[in-house]
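Printed here is start.csv (CSV, C-alpha atoms and all ligand atoms):
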```csv
chain,number,residue,atom,x,y,z
A,1,MET,CA,0.0,0.0,0.0
A,2,PHE,CA,2.8,2.4,0.8
A,3,PRO,CA,4.1,4.6,-0.7
A,4,ILE,CA,0.7,5.8,-1.7
A,5,PRO,CA,0.5,6.6,-5.5
A,6,SER,CA,0.5,10.3,-6.1
A,7,SER,CA,-2.8,10.1,-8.1
A,8,ILE,CA,-4.5,8.8,-4.9
A,9,LEU,CA,-2.9,11.4,-2.8
A,10,ARG,CA,-4.0,14.2,-5.1
A,11,ALA,CA,-7.6,12.9,-5.2
A,12,LEU,CA,-7.7,12.7,-1.4
A,13,ARG,CA,-6.3,16.2,-1.0
A,14,ALA,CA,-8.9,17.5,-3.3
A,15,ALA,CA,-11.6,15.6,-1.4
A,16,VAL,CA,-10.4,17.1,1.9
A,17,ARG,CA,-10.8,20.7,0.5
A,18,ARG,CA,-14.0,20.1,-1.4
A,19,HIS,CA,-15.9,17.8,0.8
A,20,LEU,CA,-14.4,17.2,4.2
A,21,LEU,CA,-13.8,20.9,5.3
A,22,PRO,CA,-17.3,22.0,4.2
A,23,TRP,CA,-18.8,19.0,6.0
A,24,PHE,CA,-16.8,20.0,9.2
A,25,ALA,CA,-17.9,23.6,9.0
A,26,LYS,CA,-21.5,22.4,9.0
A,27,ASN,CA,-21.3,19.6,11.4
A,28,ALA,CA,-18.6,20.4,14.0
A,29,ARG,CA,-19.9,19.9,17.6
A,30,ASP,CA,-20.2,23.0,19.7
A,31,LEU,CA,-17.6,22.2,22.4
A,32,PRO,CA,-16.4,24.5,25.1
A,33,TRP,CA,-12.8,24.2,24.1
A,34,ARG,CA,-13.7,25.3,20.5
A,35,ALA,CA,-15.1,28.6,21.6
A,36,GLU,CA,-13.2,31.5,19.9
A,37,PRO,CA,-10.8,32.9,20.8
A,38,ARG,CA,-9.0,29.6,21.7
A,39,PRO,CA,-6.5,30.4,24.5
A,40,PRO,CA,-3.6,28.0,24.2
A,41,TYR,CA,-4.0,27.1,27.9
A,42,ALA,CA,-7.6,25.9,27.3
A,43,VAL,CA,-6.5,23.9,24.2
A,44,TRP,CA,-3.8,22.2,26.3
A,45,ILE,CA,-6.1,21.2,29.1
A,46,SER,CA,-8.8,19.9,26.8
A,47,GLU,CA,-6.3,17.9,24.8
A,48,ILE,CA,-4.9,16.2,27.9
A,49,MET,CA,-8.4,15.5,29.3
A,50,LEU,CA,-9.5,14.1,26.0
A,51,GLN,CA,-6.8,11.5,25.9
A,52,GLN,CA,-8.5,8.0,26.3
A,53,THR,CA,-11.6,9.8,27.5
A,54,ARG,CA,-15.0,10.4,25.8
A,55,VAL,CA,-16.0,14.0,24.9
A,56,ASP,CA,-19.2,13.9,26.9
A,57,THR,CA,-17.3,12.9,30.0
A,58,VAL,CA,-14.7,15.6,29.6
A,59,VAL,CA,-17.0,18.6,29.1
A,60,PRO,CA,-18.1,19.1,32.8
A,61,TYR,CA,-14.5,18.4,34.0
A,62,PHE,CA,-13.1,20.9,31.5
A,63,ARG,CA,-15.6,23.6,32.7
A,64,ARG,CA,-14.9,23.0,36.4
A,65,PHE,CA,-11.1,22.9,35.8
A,66,LEU,CA,-11.0,26.2,33.8
A,67,ALA,CA,-13.3,27.9,36.4
A,68,ARG,CA,-11.0,26.8,39.3
A,69,PHE,CA,-7.6,27.1,37.4
A,70,PRO,CA,-8.1,29.8,34.7
A,71,ASP,CA,-4.4,30.0,33.8
A,72,PRO,CA,-1.1,28.2,34.3
A,73,ALA,CA,-0.2,30.5,37.2
A,74,SER,CA,-3.3,29.4,39.3
A,75,LEU,CA,-2.7,25.8,38.4
A,76,ALA,CA,1.0,25.9,39.3
A,77,ALA,CA,0.2,27.6,42.7
A,78,ALA,CA,-2.4,25.0,43.7
A,79,PRO,CA,-1.5,21.9,45.8
A,80,LEU,CA,-1.4,18.7,43.8
A,81,GLN,CA,-4.2,17.4,46.0
A,82,ASP,CA,-6.6,20.1,44.7
A,83,VAL,CA,-5.8,19.2,41.1
A,84,LEU,CA,-6.3,15.5,41.8
A,85,LYS,CA,-9.6,16.3,43.5
A,86,LEU,CA,-10.9,18.1,40.4
A,87,TRP,CA,-9.6,15.2,38.3
A,88,GLU,CA,-11.4,12.6,40.4
A,89,GLY,CA,-13.3,10.2,38.3
A,90,LEU,CA,-11.7,11.2,35.0
A,91,GLY,CA,-9.1,8.4,35.3
A,92,TYR,CA,-5.5,8.2,34.1
A,93,TYR,CA,-4.4,10.4,37.0
A,94,SER,CA,-0.8,10.7,35.8
A,95,ARG,CA,-2.3,13.3,33.4
A,96,ALA,CA,-3.3,15.5,36.3
A,97,ARG,CA,0.2,15.2,37.9
A,98,GLN,CA,1.9,16.0,34.6
A,99,ILE,CA,-0.1,19.1,33.8
A,100,HIS,CA,0.5,20.3,37.4
A,101,LYS,CA,4.3,19.8,36.8
A,102,ALA,CA,4.1,21.4,33.4
A,103,ALA,CA,2.2,24.4,34.8
A,104,LYS,CA,5.1,25.0,37.2
A,105,ILE,CA,7.5,24.8,34.2
A,106,LEU,CA,5.4,27.3,32.2
A,107,VAL,CA,5.5,29.7,35.1
A,108,ARG,CA,9.3,29.2,35.7
A,109,ASP,CA,10.5,29.2,32.1
A,110,HIS,CA,7.9,30.6,29.8
A,111,GLY,CA,6.4,33.6,31.5
A,112,GLY,CA,3.2,31.6,32.5
A,113,ARG,CA,2.3,30.9,28.9
A,114,LEU,CA,2.3,27.9,26.6
A,115,PRO,CA,5.2,28.2,24.1
A,116,SER,CA,4.3,28.2,20.4
A,117,ASP,CA,7.5,26.5,19.5
A,118,PRO,CA,6.7,22.7,18.9
A,119,GLU,CA,10.0,21.6,20.4
A,120,ALA,CA,9.4,23.6,23.6
A,121,LEU,CA,5.9,22.2,23.7
A,122,ALA,CA,7.1,18.6,23.3
A,123,ALA,CA,9.5,19.1,26.2
A,124,LEU,CA,6.6,19.7,28.6
A,125,PRO,CA,5.6,16.7,30.8
A,126,GLY,CA,2.7,14.7,29.3
A,127,LEU,CA,3.0,16.0,25.8
A,128,GLY,CA,3.6,13.3,23.2
A,129,PRO,CA,3.7,13.8,19.4
A,130,TYR,CA,-0.2,13.7,19.1
A,131,ALA,CA,-0.8,16.4,21.8
A,132,THR,CA,2.1,18.5,20.6
A,133,ALA,CA,0.7,18.6,17.0
A,134,ALA,CA,-2.9,19.2,18.3
A,135,ILE,CA,-1.9,22.2,20.5
A,136,ALA,CA,0.5,23.6,17.9
A,137,SER,CA,-2.2,23.5,15.2
A,138,PHE,CA,-5.3,24.4,17.2
A,139,ALA,CA,-3.7,27.1,19.4
A,140,PHE,CA,-1.0,28.5,17.2
A,141,GLY,CA,-2.1,27.6,13.6
A,142,LEU,CA,1.1,25.6,12.9
A,143,PRO,CA,1.1,23.0,10.1
A,144,LEU,CA,1.5,19.9,12.2
A,145,ALA,CA,-0.7,16.9,11.4
A,146,VAL,CA,-2.3,14.9,14.2
A,147,LEU,CA,-2.7,11.2,14.2
A,148,ASP,CA,-5.1,9.8,16.8
A,149,GLY,CA,-7.2,6.7,17.0
A,150,ASN,CA,-10.0,8.4,15.0
A,151,VAL,CA,-7.7,9.5,12.2
A,152,ILE,CA,-6.0,6.1,12.0
A,153,ARG,CA,-9.4,4.5,11.6
A,154,VAL,CA,-10.6,6.9,8.9
A,155,PHE,CA,-7.3,6.6,6.9
A,156,SER,CA,-7.2,2.8,7.1
A,157,ARG,CA,-10.8,2.7,5.7
A,158,LEU,CA,-10.2,5.3,3.0
A,159,LEU,CA,-7.3,3.1,1.8
A,160,ALA,CA,-8.7,-0.3,2.8
A,161,LEU,CA,-5.4,-0.7,4.4
A,162,PRO,CA,-4.3,-4.3,4.8
A,163,ASP,CA,-1.4,-3.4,7.2
A,164,ASP,CA,-1.7,-3.9,11.0
A,165,VAL,CA,-2.2,-0.4,12.4
A,166,GLY,CA,-0.9,-1.6,15.8
A,167,LEU,CA,2.6,-1.7,14.3
A,168,PRO,CA,4.9,1.3,14.7
A,169,ALA,CA,6.0,1.1,11.1
A,170,THR,CA,2.3,1.4,9.9
A,171,LYS,CA,1.7,4.3,12.3
A,172,LYS,CA,4.8,6.1,10.9
A,173,LYS,CA,3.5,5.7,7.4
A,174,LEU,CA,0.0,6.9,8.4
A,175,GLN,CA,1.7,9.9,10.0
A,176,GLN,CA,3.4,10.6,6.7
A,177,LEU,CA,0.0,10.4,5.0
A,178,ALA,CA,-1.5,12.8,7.5
A,179,ASP,CA,1.3,15.2,6.8
A,180,ALA,CA,0.8,14.9,3.1
A,181,LEU,CA,-3.0,15.5,3.4
A,182,LEU,CA,-2.7,18.5,5.7
A,183,LEU,CA,-3.8,21.7,4.1
A,184,ARG,CA,-1.1,24.2,5.0
A,185,ASP,CA,-3.5,27.1,4.9
A,186,ARG,CA,-5.9,25.4,7.3
A,187,PRO,CA,-4.0,23.1,9.5
A,188,ALA,CA,-6.4,23.3,12.6
A,189,ALA,CA,-9.5,22.8,10.5
A,190,THR,CA,-8.0,19.8,8.6
A,191,ASN,CA,-6.9,18.1,11.8
A,192,GLU,CA,-10.2,18.7,13.6
A,193,ALA,CA,-12.2,17.6,10.5
A,194,TRP,CA,-10.5,14.2,10.4
A,195,MET,CA,-11.0,13.7,14.1
A,196,GLU,CA,-14.6,14.8,13.9
A,197,LEU,CA,-15.4,12.6,11.0
A,198,GLY,CA,-14.0,9.6,12.9
A,199,ALA,CA,-16.0,10.5,16.0
A,200,LEU,CA,-19.3,11.2,14.3
A,201,VAL,CA,-19.5,9.3,11.0
A,202,CYS,CA,-16.6,6.8,10.5
A,203,THR,CA,-17.3,5.3,13.9
A,204,PRO,CA,-15.7,2.0,15.1
A,205,ARG,CA,-19.0,0.2,14.8
A,206,ASN,CA,-21.6,0.8,12.1
A,207,PRO,CA,-19.8,3.6,10.1
A,208,ARG,CA,-22.4,5.8,8.4
A,209,CYS,CA,-21.0,5.6,4.9
A,210,SER,CA,-24.1,7.0,3.3
A,211,GLU,CA,-23.7,10.3,5.2
A,212,CYS,CA,-19.9,10.4,4.7
A,213,PRO,CA,-18.5,13.4,2.7
A,214,LEU,CA,-15.6,11.1,1.6
A,215,ARG,CA,-17.6,8.1,0.5
A,216,ARG,CA,-16.7,8.4,-3.2
A,217,ALA,CA,-13.0,8.4,-2.4
A,218,CYS,CA,-13.2,5.6,0.2
A,219,ARG,CA,-12.1,2.1,-0.7
A,220,ALA,CA,-13.5,0.4,2.4
A,221,ALA,CA,-17.0,1.7,1.5
A,222,LYS,CA,-16.8,-0.3,-1.7
A,223,THR,CA,-16.2,-3.5,0.3
A,224,PRO,CA,-19.1,-5.5,2.0
A,225,ASN,CA,-17.8,-4.6,5.5
A,226,PRO,CA,-16.0,-1.3,6.0
A,227,GLU,CA,-16.0,-2.0,9.7
A,228,ALA,CA,-13.4,-4.7,9.1
A,229,PHE,CA,-10.8,-1.9,8.9
A,230,PRO,CA,-8.5,-1.1,10.6
A,231,HIS,CA,-6.7,-4.4,10.8
A,232,LYS,CA,-5.2,-4.9,14.2
A,233,LYS,CA,-3.7,-8.0,15.8
A,234,LYS,CA,-6.0,-9.3,18.5
A,235,LYS,CA,-5.2,-8.1,22.0
A,236,MET,CA,-4.0,-10.5,24.7
A,237,LYS,CA,-6.5,-11.3,27.3
A,238,VAL,CA,-6.3,-8.7,30.1
A,239,PRO,CA,-5.2,-9.9,33.5
A,240,HIS,CA,-7.7,-10.1,36.3
A,241,LYS,CA,-6.6,-9.1,39.9
A,242,VAL,CA,-8.3,-10.0,43.1
A,243,VAL,CA,-7.7,-7.3,45.7
A,244,GLY,CA,-8.8,-6.8,49.3
A,245,ALA,CA,-9.4,-3.5,51.1
A,246,ALA,CA,-9.9,-2.7,54.8
A,247,VAL,CA,-12.6,-0.3,56.0
A,248,ILE,CA,-10.9,0.1,59.5
A,249,LEU,CA,-13.1,1.6,62.2
A,250,ASN,CA,-11.7,3.1,65.4
A,251,ALA,CA,-13.4,3.6,68.8
A,252,LYS,CA,-14.8,7.0,67.6
A,253,ASN,CA,-16.3,5.2,64.6
A,254,GLN,CA,-13.9,7.1,62.2
A,255,ILE,CA,-12.6,5.3,59.1
A,256,LEU,CA,-9.0,5.0,58.2
A,257,VAL,CA,-7.9,6.1,54.7
A,258,ALA,CA,-4.4,6.1,53.3
A,259,GLN,CA,-2.7,8.1,50.6
A,260,ARG,CA,-0.9,6.3,47.8
A,261,ASN,CA,2.7,7.4,47.0
A,262,PRO,CA,2.4,10.5,44.9
A,263,GLU,CA,5.6,9.9,43.0
A,264,LYS,CA,5.1,6.4,41.5
A,265,GLY,CA,2.6,3.8,40.3
A,266,MET,CA,-1.0,3.9,39.2
A,267,LEU,CA,-3.4,6.3,40.9
A,268,ALA,CA,-0.4,8.0,42.5
A,269,GLY,CA,-1.3,10.6,45.1
A,270,LEU,CA,-4.9,9.4,45.4
A,271,TRP,CA,-6.4,8.2,48.6
A,272,GLU,CA,-7.7,4.7,49.2
A,273,PHE,CA,-9.0,2.1,51.6
A,274,PRO,CA,-5.7,0.4,52.4
A,275,GLY,CA,-5.2,-3.2,51.1
A,276,GLY,CA,-3.7,-5.0,48.1
A,277,LYS,CA,-3.5,-8.0,45.9
A,278,ILE,CA,-4.3,-11.5,47.2
A,279,ALA,CA,-1.4,-14.0,47.2
A,280,GLU,CA,-1.7,-17.6,46.2
A,281,GLY,CA,-3.4,-19.8,48.9
A,282,GLU,CA,-4.6,-16.8,51.0
A,283,THR,CA,-8.2,-16.2,52.1
A,284,MET,CA,-9.4,-12.7,51.7
A,285,PRO,CA,-9.2,-11.8,55.4
A,286,GLN,CA,-5.6,-13.2,55.5
A,287,CYS,CA,-4.8,-11.0,52.4
A,288,ILE,CA,-6.2,-7.8,54.0
A,289,ALA,CA,-4.5,-8.5,57.3
A,290,ARG,CA,-1.1,-9.1,55.6
A,291,GLU,CA,-1.4,-6.0,53.4
A,292,LEU,CA,-2.2,-3.8,56.4
A,293,LYS,CA,0.9,-5.1,58.2
A,294,GLU,CA,3.1,-4.4,55.2
A,295,GLU,CA,1.6,-1.1,54.2
A,296,MET,CA,0.9,0.5,57.6
A,297,GLY,CA,2.5,-1.7,60.2
A,298,LEU,CA,-0.9,-2.5,61.7
A,299,ASP,CA,-2.1,-5.7,63.3
A,300,ILE,CA,-5.8,-5.9,62.4
A,301,GLU,CA,-8.8,-8.1,62.8
A,302,VAL,CA,-10.8,-8.5,59.6
A,303,GLY,CA,-14.6,-8.5,60.1
A,304,PRO,CA,-17.7,-8.5,58.0
A,305,HIS,CA,-17.7,-8.1,54.2
A,306,LEU,CA,-19.1,-4.7,53.0
A,307,VAL,CA,-19.0,-4.9,49.2
A,308,THR,CA,-17.3,-6.4,46.2
A,309,VAL,CA,-16.5,-4.0,43.4
A,310,HIS,CA,-15.7,-4.9,39.8
A,311,HIS,CA,-13.7,-2.4,37.8
A,312,ALA,CA,-11.9,-2.4,34.5
A,313,TYR,CA,-8.6,-0.4,34.0
A,314,SER,CA,-7.0,-0.2,30.5
A,315,HIS,CA,-4.7,-3.1,31.1
A,316,PHE,CA,-6.4,-5.2,33.7
A,317,THR,CA,-9.6,-5.8,35.6
A,318,ILE,CA,-10.0,-5.9,39.4
A,319,GLU,CA,-12.4,-7.6,41.8
A,320,LEU,CA,-12.1,-5.6,45.0
A,321,HIS,CA,-13.4,-7.1,48.2
A,322,ALA,CA,-13.9,-4.5,51.0
A,323,HIS,CA,-14.2,-5.8,54.6
A,324,PHE,CA,-14.7,-3.9,57.9
A,325,ALA,CA,-11.7,-4.2,60.2
A,326,ARG,CA,-10.4,-3.0,63.5
A,327,ILE,CA,-6.9,-2.4,64.8
A,328,ARG,CA,-5.7,-5.0,67.3
A,329,SER,CA,-2.3,-3.3,67.9
A,330,GLY,CA,-0.1,-0.6,66.4
A,331,ARG,CA,-0.5,2.9,65.1
A,332,PRO,CA,-0.7,3.7,61.4
A,333,ARG,CA,2.8,4.1,59.9
A,334,HIS,CA,3.6,5.0,56.4
A,335,LEU,CA,5.6,2.0,55.3
A,336,GLU,CA,4.1,1.7,51.8
A,337,CYS,CA,1.9,4.7,51.7
A,338,ALA,CA,2.4,8.4,51.9
A,339,GLY,CA,0.0,9.4,54.6
A,340,HIS,CA,-3.2,8.5,56.4
A,341,ALA,CA,-6.3,10.2,57.9
A,342,TRP,CA,-9.2,9.2,60.1
A,343,THR,CA,-12.4,10.4,58.6
A,344,THR,CA,-16.2,9.8,58.5
A,345,ARG,CA,-18.5,8.8,55.7
A,346,ASP,CA,-19.7,12.4,55.4
A,347,ARG,CA,-16.2,13.7,54.9
A,348,PHE,CA,-14.9,11.5,52.1
A,349,GLY,CA,-15.3,14.4,49.8
A,350,ASP,CA,-12.2,16.0,51.3
A,351,PHE,CA,-10.0,13.5,49.6
A,352,PRO,CA,-9.5,12.4,45.9
A,353,PHE,CA,-10.3,8.7,45.5
A,354,SER,CA,-10.3,6.4,42.5
A,355,LYS,CA,-13.5,5.1,40.9
A,356,ALA,CA,-13.2,1.7,42.5
A,357,ASP,CA,-12.8,3.3,46.0
A,358,HIS,CA,-15.8,5.5,45.3
A,359,GLU,CA,-17.9,2.3,45.0
A,360,ILE,CA,-16.8,1.4,48.6
A,361,ILE,CA,-17.8,4.9,49.6
A,362,ARG,CA,-21.1,4.5,47.9
A,363,ALA,CA,-21.7,1.2,49.8
A,364,LEU,CA,-20.9,2.9,53.1
A,365,ARG,CA,-23.3,5.8,52.3
A,366,ASP,CA,-26.0,3.3,51.3
A,367,LEU,CA,-25.9,1.8,54.8
A,368,PRO,CA,-29.0,2.8,56.9
A,369,ALA,CA,-26.6,4.5,59.4
A,370,ALA,CA,-22.9,5.3,59.7
A,371,PRO,CA,-21.0,2.1,60.5
A,372,ARG,CA,-20.1,1.6,64.2
A,373,LEU,CA,-17.3,-0.4,65.6
A,374,ARG,CA,-19.5,-2.2,68.1
A,375,ASP,CA,-22.0,-3.3,65.4
A,376,CYS,CA,-19.2,-4.7,63.2
A,377,PHE,CA,-17.3,-6.3,66.1
A,378,PRO,CA,-19.9,-6.9,68.9
A,379,PRO,CA,-18.4,-7.9,72.3
A,380,ASP,CA,-20.4,-11.1,72.3
A,381,GLY,CA,-19.5,-11.9,68.7
A,382,ILE,CA,-23.1,-11.7,67.6
A,383,ARG,CA,-23.9,-8.9,65.2
A,384,LYS,CA,-27.4,-7.5,66.0
A,385,THR,CA,-27.7,-4.7,63.4
A,386,ALA,CA,-26.4,-4.2,59.9
A,387,PRO,CA,-23.0,-2.5,60.1
A,401,LIG,S1,-17.2,6.1,3.6
A,401,LIG,FE1,-17.6,4.9,5.4
A,401,LIG,S2,-15.7,3.8,5.8
A,401,LIG,FE2,-15.2,5.3,4.3
A,401,LIG,S3,-14.4,7.0,5.5
A,401,LIG,FE3,-16.6,7.4,5.2
A,401,LIG,S4,-17.7,6.5,7.0
A,401,LIG,FE4,-15.6,5.7,6.9
```

Spell out the structure here as structure tokens.
Ligand code: SF4
Amino acid sequence: MFPIPSSILRALRAAVRRHLLPWFAKNARDLPWRAEPRPPYAVWISEIMLQQTRVDTVVPYFRRFLARFPDPASLAAAPLQDVLKLWEGLGYYSRARQIHKAAKILVRDHGGRLPSDPEALAALPGLGPYATAAIASFAFGLPLAVLDGNVIRVFSRLLALPDDVGLPATKKKLQQLADALLLRDRPAATNEAWMELGALVCTPRNPRCSECPLRRACRAAKTPNPEAFPHKKKKMKVPHKVVGAAVILNAKNQILVAQRNPEKGMLAGLWEFPGGKIAEGETMPQCIARELKEEMGLDIEVGPHLVTVHHAYSHFTIELHAHFARIRSGRPRHLECAGHAWTTRDRFGDFPFSKADHEIIRALRDLPAAPRLRDCFPPDGIRKTAP
């Protein structure tokens, strides 16, 4: 397929100008980050939020974020915890940590503004080739072509591409195609039009070829099943992890929460109900007791089950079993966590938690009354009321 014959390239370029851009002008969604003028800061935040995340999900987060942090200076001055709190539920929390870091760099090195130089942009934390091209073209009108999942899908269908789009070599060639099809006089519109076509018409399932402005130029549309493109090697089965978490109550019926290390690992800096992954041959109470020993130096008694949460991350799924627990001996230490706090079910909003931990919070709030130590661990061993 590559190199693409120049006659096909010419036809595609003509179709972009004649059909794709007019279609985009008519059908572009009215999104808050597209409002003119488009401050580079708003473009940056929206592009980071939109990575791996649906537009509908991002809109309210984007509005809240811009209202709270209207510029790099306000973002840089905020504690990371406040940034994570606003990001809560959006997932991929490393993005929040990176924009916080990047905002500090903008204030320190760039006068509190996004640089227009693509090299300086690419040097900021969290900006890969896609985000750099998107910001450079949308915010500064520079002729850099973007290649995201939507664009890859549209291109592979236009060409009925037999190559595996998961391979770096194929991506490199598709990037060259995007570069060749970019209209230098309208780089932002060309980029956004491809992305919008992929999001609204050339969708992963059931592409709407009859409404597509490029149907005449499209090779996949002439096949019985355009949806068969792009070709991609099947993914390996995602691993499944079984995890335990402790909802530890103290004598004041407060609940212990721990902060994950803010410097490393998934969900870094978020708060959680402490626990961890089950080891081979362990029961769930044994797992939770061992994890609390390792993580916080606590000797605990594990009590009644509260809830089991199922959650899917991008590379694995988890089954999280939350149990009530109480401390037999020891004080919380930060052996494998960054901090701890005793709180109540009405004050969980003070901390940023992951989605899975929010399910535990929901289960606690669904209880008829706040859980009490003596109900979970009655002196006579017989629980008389629901914890
Ligand atoms: S004609 Fe169909 S398959 Fe081809 S680009 Fe348009 S929507 Fe996608």

Excluding stretch 65-77 of chain A and residues on its chain fewer than 3 positions from it, collect all residues at most 10 Å away from it, counting only C-alpha atoms, and give them as an NGL selection string. :A and (39-42 or 45-46 or 59-62 or 80 or 82-83 or 86-87 or 99-108 or 111-114)

Name the residues, using the chain letters and numbers of the file, that sit within 12 Å of (-19.0, 11.5, 14.4) when counting only C-alpha atoms, and give them as number ranges by chain. A: 23-24, 27-29, 55, 150-151, 154, 192-209, 211-213

Just give me the gap between atom CA of A:Lys237 and atom CA of A:Thr283 in Å, one decimal is fine.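 Separation between atom CA of A:Lys237 and atom CA of A:Thr283: 25.3 Å.
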
Quick one: residues within 9 Å of A:Arg365, only C-alpha atoms counted, chain neighbours fewer than 4 positions away excluded, as a PDB file with C-alpha atoms, keeping the file's coordinate frame?
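Resulting contents of around-v2.pdb:
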```pdb
ATOM      1  CA  ARG A 345     -18.500   8.800  55.700  1.00  0.00           C
ATOM      2  CA  ASP A 346     -19.700  12.400  55.400  1.00  0.00           C
ATOM      3  CA  ILE A 360     -16.800   1.400  48.600  1.00  0.00           C
ATOM      4  CA  ILE A 361     -17.800   4.900  49.600  1.00  0.00           C
ATOM      5  CA  ALA A 369     -26.600   4.500  59.400  1.00  0.00           C
ATOM      6  CA  ALA A 370     -22.900   5.300  59.700  1.00  0.00           C
TER       7      ALA A 370
END
```

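Atom pair atom CA of A:Gly330 / atom CA of A:Ile318: separated by 29.2 Å.
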
Mind dumping a table of every stretch 220-299 of chain A residue within 12 Å of stretch 169-185 of chain A, with the nearest atom pair and its distance in Å to one decimal, using only C-alpha atoms, sorted by chain and rising number, as a Markdown table?
```
| residue | atom | partner | partner_atom | distance |
| --- | --- | --- | --- | --- |
| A:Pro230 | CA | A:Thr170 | CA | 11.1 |
| A:His231 | CA | A:Thr170 | CA | 10.7 |
| A:Lys232 | CA | A:Thr170 | CA | 10.7 |
```

Which residue out of A:Ala160, A:Val43, A:Leu142, A:Ala251 has the minimum interatomic distance to ligand LIG 401 (chain A) when only C-alpha atoms and all ligand atoms are used?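 Result for the nearest residue to ligand LIG 401 (chain A): A:Ala160.
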
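The coordinates place atom CA of A:Cys287 at 11.5 Å from atom CA of A:Glu301.
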
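Proximity to ligand LIG 401 (chain A) was assessed for A:Ala139, A:Leu159, A:Leu90, A:Ala221 counting all atoms listed in the file; the smallest distance is recorded for A:Ala221.
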
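Residue nearest ligand LIG 401 (chain A), chosen from A:Ser137, A:Asn225, A:Gln259, A:Gln254 and counting only C-alpha atoms and all ligand atoms: A:Asn225.
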
Contact residues around A:Glu359 with all atoms listed in the file at 8 Å, ignoring same-chain residues under 4 positions, as a list in words: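 Within the cut-off, the hits are Val309, Lys355 and Ala363 of chain A.
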
Calculated over all atoms listed in the file, which of the candidates A:His310, A:His305, A:Arg153, A:Lys235 has the smallest distance to ligand LIG 401 (chain A)? A:Arg153

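Checking A:Ala188, A:Leu121, A:Ala217, A:Leu21 one by one against ligand LIG 401 (chain A), counting only C-alpha atoms and all ligand atoms, you find the shortest gap at A:Ala217.
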
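Of the listed residues A:Arg64, A:Arg260, A:Arg326, A:Lys222, the one whose atoms come nearest to ligand LIG 401 (chain A) is A:Lys222, with distances taken using all atoms listed in the file.
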
Would you fill the gaps in stretch 221-235 of chain A so it has N, CA and C atoms, then print it as a PDB file, keeping the file's coordinate frame?
```pdb
ATOM      1  N   ALA A 221     -15.530   1.603   1.745  1.00  0.00           N
ATOM      2  CA  ALA A 221     -17.000   1.700   1.500  1.00  0.00           C
ATOM      3  C   ALA A 221     -17.413   0.888   0.314  1.00  0.00           C
ATOM      4  N   LYS A 222     -16.461   0.505  -0.507  1.00  0.00           N
ATOM      5  CA  LYS A 222     -16.800  -0.300  -1.700  1.00  0.00           C
ATOM      6  C   LYS A 222     -16.683  -1.811  -1.345  1.00  0.00           C
ATOM      7  N   THR A 223     -16.331  -2.132  -0.117  1.00  0.00           N
ATOM      8  CA  THR A 223     -16.200  -3.500   0.300  1.00  0.00           C
ATOM      9  C   THR A 223     -17.532  -3.886   1.065  1.00  0.00           C
ATOM     10  N   PRO A 224     -17.815  -5.190   1.245  1.00  0.00           N
ATOM     11  CA  PRO A 224     -19.100  -5.500   2.000  1.00  0.00           C
ATOM     12  C   PRO A 224     -19.038  -5.112   3.434  1.00  0.00           C
ATOM     13  N   ASN A 225     -17.844  -4.937   4.014  1.00  0.00           N
ATOM     14  CA  ASN A 225     -17.800  -4.600   5.500  1.00  0.00           C
ATOM     15  C   ASN A 225     -16.709  -3.612   5.808  1.00  0.00           C
ATOM     16  N   PRO A 226     -17.015  -2.323   5.661  1.00  0.00           N
ATOM     17  CA  PRO A 226     -16.000  -1.300   6.000  1.00  0.00           C
ATOM     18  C   PRO A 226     -15.526  -1.377   7.424  1.00  0.00           C
ATOM     19  N   GLU A 227     -16.388  -1.908   8.280  1.00  0.00           N
ATOM     20  CA  GLU A 227     -16.000  -2.000   9.700  1.00  0.00           C
ATOM     21  C   GLU A 227     -14.862  -2.966   9.939  1.00  0.00           C
ATOM     22  N   ALA A 228     -14.558  -3.784   8.924  1.00  0.00           N
ATOM     23  CA  ALA A 228     -13.400  -4.700   9.100  1.00  0.00           C
ATOM     24  C   ALA A 228     -12.097  -4.003   9.182  1.00  0.00           C
ATOM     25  N   PHE A 229     -12.072  -2.733   8.821  1.00  0.00           N
ATOM     26  CA  PHE A 229     -10.800  -1.900   8.900  1.00  0.00           C
ATOM     27  C   PHE A 229     -10.976  -1.031  10.162  1.00  0.00           C
ATOM     28  N   PRO A 230      -9.912  -0.682  10.833  1.00  0.00           N
ATOM     29  CA  PRO A 230      -8.500  -1.100  10.600  1.00  0.00           C
ATOM     30  C   PRO A 230      -8.192  -2.486  11.015  1.00  0.00           C
ATOM     31  N   HIS A 231      -7.179  -3.051  10.383  1.00  0.00           N
ATOM     32  CA  HIS A 231      -6.700  -4.400  10.800  1.00  0.00           C
ATOM     33  C   HIS A 231      -5.758  -4.185  11.996  1.00  0.00           C
ATOM     34  N   LYS A 232      -6.011  -5.017  12.980  1.00  0.00           N
ATOM     35  CA  LYS A 232      -5.200  -4.900  14.200  1.00  0.00           C
ATOM     36  C   LYS A 232      -5.068  -6.322  14.787  1.00  0.00           C
ATOM     37  N   LYS A 233      -3.868  -6.711  15.181  1.00  0.00           N
ATOM     38  CA  LYS A 233      -3.700  -8.000  15.800  1.00  0.00           C
ATOM     39  C   LYS A 233      -4.520  -8.049  17.102  1.00  0.00           C
ATOM     40  N   LYS A 234      -5.165  -9.186  17.350  1.00  0.00           N
ATOM     41  CA  LYS A 234      -6.000  -9.300  18.500  1.00  0.00           C
ATOM     42  C   LYS A 234      -5.206  -9.047  19.811  1.00  0.00           C
ATOM     43  N   LYS A 235      -5.837  -8.338  20.759  1.00  0.00           N
ATOM     44  CA  LYS A 235      -5.200  -8.100  22.000  1.00  0.00           C
ATOM     45  C   LYS A 235      -5.086  -9.323  22.881  1.00  0.00           C
TER      46      LYS A 235
END
```
